[in-house]
$ cat start16.csv   # CSV, C-alpha atoms
chain,number,residue,atom,x,y,z
A,1272,MET,CA,50.6,77.5,23.1
A,1273,SER,CA,47.9,76.0,21.0
A,1274,PRO,CA,46.8,72.4,21.7
A,1275,ARG,CA,48.5,69.8,19.6
A,1276,ARG,CA,46.4,68.6,16.7
A,1277,SER,CA,45.9,64.8,16.5
A,1278,TYR,CA,44.7,62.3,14.0
A,1279,ASP,CA,42.9,60.6,16.8
A,1280,GLN,CA,43.9,57.2,15.5
A,1281,TYR,CA,45.2,54.3,17.7
A,1282,CYS,CA,48.2,53.7,15.3
A,1283,SER,CA,51.9,54.2,16.0
A,1284,THR,CA,52.4,55.9,12.6
A,1285,ALA,CA,49.5,58.4,13.4
A,1286,ARG,CA,50.9,59.0,16.8
A,1287,ALA,CA,54.3,59.8,15.4
A,1288,LEU,CA,52.9,62.1,12.8
A,1289,ASP,CA,50.9,63.9,15.6
A,1290,VAL,CA,54.4,65.0,16.8
A,1291,VAL,CA,56.6,65.4,13.8
A,1292,GLY,CA,54.1,65.6,10.9
A,1293,ASP,CA,53.9,69.4,10.7
A,1294,ARG,CA,55.8,71.2,8.0
A,1295,TRP,CA,59.4,72.2,9.0
A,1296,THR,CA,59.5,70.0,12.1
A,1297,LEU,CA,61.7,67.2,10.7
A,1298,LEU,CA,64.0,69.8,9.0
A,1299,ILE,CA,64.5,71.5,12.4
A,1300,VAL,CA,65.4,68.0,13.7
A,1301,ARG,CA,68.0,67.7,10.8
A,1302,GLU,CA,69.6,71.0,11.9
A,1303,LEU,CA,69.6,70.1,15.6
A,1304,LEU,CA,71.3,66.8,14.9
A,1305,ALA,CA,74.4,69.0,14.5
A,1306,GLY,CA,74.2,69.9,18.2
A,1307,PRO,CA,72.9,72.9,20.0
A,1308,ARG,CA,71.8,75.8,17.8
A,1309,ARG,CA,70.7,79.4,18.4
A,1310,TYR,CA,67.3,80.5,17.0
A,1311,THR,CA,69.1,82.9,14.6
A,1312,ASP,CA,71.3,80.1,13.3
A,1313,LEU,CA,68.3,77.8,12.8
A,1314,HIS,CA,66.5,80.6,10.9
A,1315,ALA,CA,69.5,81.3,8.7
A,1316,ASP,CA,69.8,77.6,7.7
A,1317,LEU,CA,66.1,77.0,7.1
A,1318,PRO,CA,65.5,79.4,4.2
A,1319,GLY,CA,61.8,79.9,3.6
A,1320,VAL,CA,60.5,79.4,7.2
A,1321,SER,CA,58.9,82.4,8.8
A,1322,THR,CA,60.0,83.6,12.2
A,1323,ASP,CA,56.5,82.9,13.6
A,1324,VAL,CA,56.4,79.3,12.2
A,1325,LEU,CA,59.9,78.5,13.5
A,1326,ALA,CA,59.1,79.8,16.9
A,1327,SER,CA,55.8,77.8,17.0
A,1328,ARG,CA,57.5,74.6,15.9
A,1329,LEU,CA,60.2,74.9,18.5
A,1330,LYS,CA,57.6,75.4,21.2
A,1331,ASP,CA,55.8,72.4,20.0
A,1332,MET,CA,59.0,70.3,20.0
A,1333,GLU,CA,59.7,71.4,23.6
A,1334,ARG,CA,56.2,70.5,24.6
A,1335,ASP,CA,56.4,67.1,23.0
A,1336,GLY,CA,59.8,66.2,24.5
A,1337,ILE,CA,61.9,66.1,21.4
A,1338,ALA,CA,63.9,69.4,22.0
A,1339,THR,CA,64.9,71.5,24.9
A,1340,ARG,CA,66.0,75.2,25.3
A,1341,ARG,CA,68.8,76.2,27.6
A,1342,ARG,CA,70.8,79.3,28.3
A,1343,LEU,CA,74.6,79.2,27.6
A,1344,PRO,CA,76.8,80.4,30.4
A,1345,PRO,CA,78.7,83.8,30.1
A,1346,PRO,CA,80.2,85.2,28.0
A,1347,ALA,CA,77.8,83.7,25.4
A,1348,ALA,CA,74.6,84.2,27.5
A,1349,ALA,CA,72.5,83.1,24.6
A,1350,TYR,CA,69.7,80.5,24.4
A,1351,VAL,CA,70.2,77.4,22.3
A,1352,TYR,CA,67.9,74.6,21.3
A,1353,GLU,CA,69.0,71.0,21.3
A,1354,LEU,CA,67.5,67.6,20.8
A,1355,THR,CA,66.5,65.3,23.6
A,1356,GLU,CA,67.3,61.6,23.4
A,1357,ARG,CA,63.9,61.1,22.0
A,1358,GLY,CA,64.6,63.7,19.3
A,1359,ARG,CA,67.9,62.1,18.4
A,1360,ASP,CA,66.1,58.8,18.0
A,1361,LEU,CA,64.7,60.4,14.8
A,1362,LEU,CA,68.0,60.0,13.0
A,1363,PRO,CA,67.1,56.7,11.3
A,1364,VAL,CA,63.7,58.2,10.3
A,1365,LEU,CA,65.5,61.1,8.5
A,1366,GLN,CA,68.0,58.7,7.0
A,1367,ALA,CA,65.2,56.5,5.6
A,1368,LEU,CA,63.4,59.6,4.2
A,1369,GLY,CA,66.7,60.6,2.6
A,1370,VAL,CA,67.0,57.3,0.9
A,1371,TRP,CA,63.4,57.4,-0.3
A,1372,GLY,CA,63.7,61.0,-1.6
A,1373,ALA,CA,67.2,60.6,-3.2
A,1374,SER,CA,65.8,60.1,-6.7
A,1375,ALA,CA,64.2,63.5,-6.5
A,1376,LEU,CA,67.6,65.1,-6.3
A,1377,ALA,CA,68.5,64.3,-9.9
A,1378,GLU,CA,68.1,67.9,-11.0
A,1379,ARG,CA,68.5,71.0,-8.8
A,1380,ARG,CA,65.8,73.6,-9.4
A,1381,PRO,CA,66.8,77.2,-9.8
A,1382,THR,CA,64.9,78.1,-6.6
A,1383,ASP,CA,66.6,75.4,-4.5
A,1384,ALA,CA,68.8,76.7,-1.6
A,1385,VAL,CA,71.8,74.6,-0.6
A,1386,ARG,CA,74.0,74.5,2.5
A,1387,ALA,CA,77.2,72.4,2.7
A,1388,HIS,CA,76.1,70.6,5.9
A,1389,TRP,CA,72.9,69.3,4.2
A,1390,PHE,CA,75.1,66.7,2.6
A,1391,ALA,CA,76.2,65.4,6.1
A,1392,LEU,CA,73.5,62.8,6.5
A,1393,PRO,CA,73.8,61.3,3.0
A,1394,LEU,CA,77.6,61.1,3.3
A,1395,LEU,CA,77.2,59.5,6.8
A,1396,ARG,CA,75.0,56.8,5.3
A,1397,LEU,CA,77.6,56.1,2.6
A,1398,ILE,CA,80.5,56.0,5.0
A,1399,GLU,CA,78.8,53.9,7.5
A,1400,GLY,CA,78.2,51.3,4.8
A,1401,ASP,CA,82.0,50.9,4.3
A,1402,GLU,CA,83.9,48.2,6.1
A,1403,GLY,CA,87.0,49.0,8.1
A,1404,ARG,CA,85.3,51.1,10.7
A,1405,GLU,CA,86.9,50.7,14.2
A,1406,GLY,CA,85.0,52.4,16.9
A,1407,GLU,CA,84.2,56.1,16.8
A,1408,GLN,CA,85.8,57.9,13.9
A,1409,LEU,CA,85.8,61.7,13.1
A,1410,VAL,CA,85.6,62.6,9.5
A,1411,GLU,CA,86.0,66.2,8.2
A,1412,VAL,CA,84.4,67.1,4.9
A,1413,ARG,CA,85.7,70.0,2.9
A,1414,LEU,CA,83.8,71.7,0.1
A,1415,GLU,CA,84.3,75.1,-1.4
A,1416,GLU,CA,80.9,76.1,0.0
A,1417,GLY,CA,81.7,75.1,3.5
A,1418,VAL,CA,83.2,72.6,5.9
A,1419,PHE,CA,81.4,70.1,8.2
A,1420,HIS,CA,82.4,67.0,10.2
A,1421,LEU,CA,80.8,63.6,10.8
A,1422,TRP,CA,80.9,61.4,13.8
A,1423,VAL,CA,81.0,57.8,12.5
A,1424,GLY,CA,80.0,55.1,15.0
A,1425,ALA,CA,79.5,57.6,17.9
A,1426,GLN,CA,77.6,56.1,20.8
A,1427,ASP,CA,76.8,59.4,22.6
A,1428,GLY,CA,74.3,60.9,20.2
A,1429,ARG,CA,76.8,63.0,18.1
A,1430,VAL,CA,76.0,62.8,14.4
A,1431,TYR,CA,77.5,65.8,12.6
A,1432,GLY,CA,78.6,69.4,13.1
A,1433,ASP,CA,79.0,72.5,11.0
A,1434,GLY,CA,82.5,73.8,10.6
A,1435,ALA,CA,85.9,72.2,11.0
A,1436,ALA,CA,86.4,69.1,13.2
A,1437,PRO,CA,86.9,69.9,16.9
A,1438,ARG,CA,90.0,67.8,17.0
A,1439,GLU,CA,92.4,66.3,14.5
A,1440,PRO,CA,90.1,64.2,12.2
A,1441,ASP,CA,90.7,60.5,11.5
A,1442,VAL,CA,89.9,61.1,7.9
A,1443,ARG,CA,89.5,64.2,5.7
A,1444,LEU,CA,87.5,64.2,2.5
A,1445,THR,CA,87.8,66.9,-0.1
A,1446,LEU,CA,85.2,67.1,-2.8
A,1447,ASP,CA,82.8,69.5,-4.6
A,1448,VAL,CA,79.1,70.1,-4.4
A,1449,ASP,CA,78.4,68.5,-7.8
A,1450,THR,CA,80.0,65.3,-6.5
A,1451,CYS,CA,78.0,65.5,-3.3
A,1452,GLU,CA,74.8,65.8,-5.3
A,1453,GLU,CA,75.6,62.8,-7.4
A,1454,LEU,CA,76.5,60.7,-4.3
A,1455,SER,CA,73.3,61.8,-2.6
A,1456,HIS,CA,71.0,60.6,-5.3
A,1457,GLY,CA,72.9,57.5,-6.2
A,1458,ALA,CA,74.3,58.5,-9.6
A,1459,LEU,CA,77.8,57.9,-8.2
A,1460,THR,CA,79.3,55.6,-5.7
A,1461,LEU,CA,81.8,56.7,-3.1
A,1462,GLY,CA,84.3,54.2,-4.4
A,1463,GLN,CA,84.0,55.3,-7.9
A,1464,ALA,CA,84.3,59.0,-6.9
A,1465,VAL,CA,87.5,58.2,-5.1
A,1466,LEU,CA,88.8,56.2,-8.1
A,1467,ASP,CA,88.0,59.1,-10.4
A,1468,GLY,CA,89.8,61.5,-8.2
A,1469,ARG,CA,86.6,63.5,-7.4
A,1470,VAL,CA,87.0,62.7,-3.7
A,1471,VAL,CA,90.4,63.0,-2.1
A,1472,VAL,CA,90.9,60.9,1.0
A,1473,ALA,CA,93.5,61.9,3.6
A,1474,GLY,CA,94.2,60.1,6.8
A,1475,GLU,CA,95.5,56.9,8.4
A,1476,GLY,CA,93.8,53.8,9.7
A,1477,ALA,CA,91.3,51.3,8.6
A,1478,LEU,CA,88.5,53.8,7.7
A,1479,ALA,CA,90.8,55.8,5.5
A,1480,GLU,CA,91.9,52.7,3.7
A,1481,ALA,CA,88.3,51.4,3.4
A,1482,LEU,CA,87.1,54.8,1.9
A,1483,SER,CA,90.0,54.9,-0.5
A,1484,GLY,CA,89.3,51.3,-1.6
A,1485,LYS,CA,93.1,50.9,-1.8
A,1486,ARG,CA,92.7,52.1,-5.3
A,1487,ARG,CA,94.6,55.3,-4.8
A,1488,PRO,CA,97.3,56.3,-2.3
A,1489,VAL,CA,95.8,57.8,0.9
A,1490,GLU,CA,97.3,61.2,1.6
A,1491,PRO,CA,98.6,61.8,5.1
A,1492,LEU,CA,96.8,64.5,7.1
A,1493,PRO,CA,99.0,67.6,7.2
A,1494,ALA,CA,101.0,68.2,10.3
A,1495,HIS,CA,100.0,71.2,12.4
$ encode --input "start16.csv" --output "structure tokens"
Amino acid sequence: MSPRRSYDQYCSTARALDVVGDRWTLLIVRELLAGPRRYTDLHADLPGVSTDVLASRLKDMERDGIATRRRLPPPAAAYVYELTERGRDLLPVLQALGVWGASALAERRPTDAVRAHWFALPLLRLIEGDEGREGEQLVEVRLEEGVFHLWVGAQDGRVYGDGAAPREPDVRLTLDVDTCEELSHGALTLGQAVLDGRVVVAGEGALAEALSGKRRPVEPLPAH
């Protein structure tokens, strides 16, 4: 493992960039905020990264104490990477960068890749800004391109996950990628998207009512 490069400046910003300033590192953190991920899954959801660079960044993240690698028990018997508590502390950093960079999303370039769960952090910011949240809430988000879920108000480090909610969600949102894009860069508010019927809210409780804005009836979650 090569020694870590440093700016050699007695400054907290410089020290932070010593650890997470390399290309791809913060995007790996974004992926690991979804929970433990296998190397192959990370590579698939980081289009453009080479296998050598991904392996190098993961080793650096282990060395610097922001990620760990562990072996899953049988029958999986695969290695997964996951964030440490220090790594999870980068969530507000990524959220702040997302707010700062939102204006750059006004137009998708032809070469831009997209994954459904990349909208998880922007939607989490919007939902956490709504009133009516009572403790931890599980929100499932359904797009044609994929499904993911958000942990709103979780105190145990859970942020989001790829795929359907692991239990019956408190709220389910159904929308399309175009609406997600407009919400992400601020061209559309969540309340207006619900009012226009571009976001369908299903569920019961204060969060569902807050997200619906009481402008449209809230659909009940379907019985299983």
$ residues_around --input "start16.csv" --residues "Ala1391 (chain A)" --least-positions-apart "2" --cutoff "9 Å" --atoms "only C-alpha atoms" --output "count of residues only"
14
$ residues_around --input "start16.csv" --residues "His1456 (chain A)" --least-positions-apart "2" --cutoff "6 Å" --atoms "only C-alpha atoms" --output "list in words"
Ala1373, Ser1374, Leu1376, Glu1453, Leu1454 and Ala1458 of chain A
$ atom_distance --input "start16.csv" --atom1 "CA of Leu1409 (chain A)" --atom2 "CA of Ala1435 (chain A)"
10.7 Å
$ atom_distance --input "start16.csv" --atom1 "CA of Gly1292 (chain A)" --atom2 "CA of Arg1328 (chain A)"
10.8 Å
$ closest_residue --input "start16.csv" --among "A:Asp1279, A:Ser1455, A:Thr1296, A:Ile1398" --to "Trp1371 (chain A)" --atoms "only C-alpha atoms"
A:Ser1455
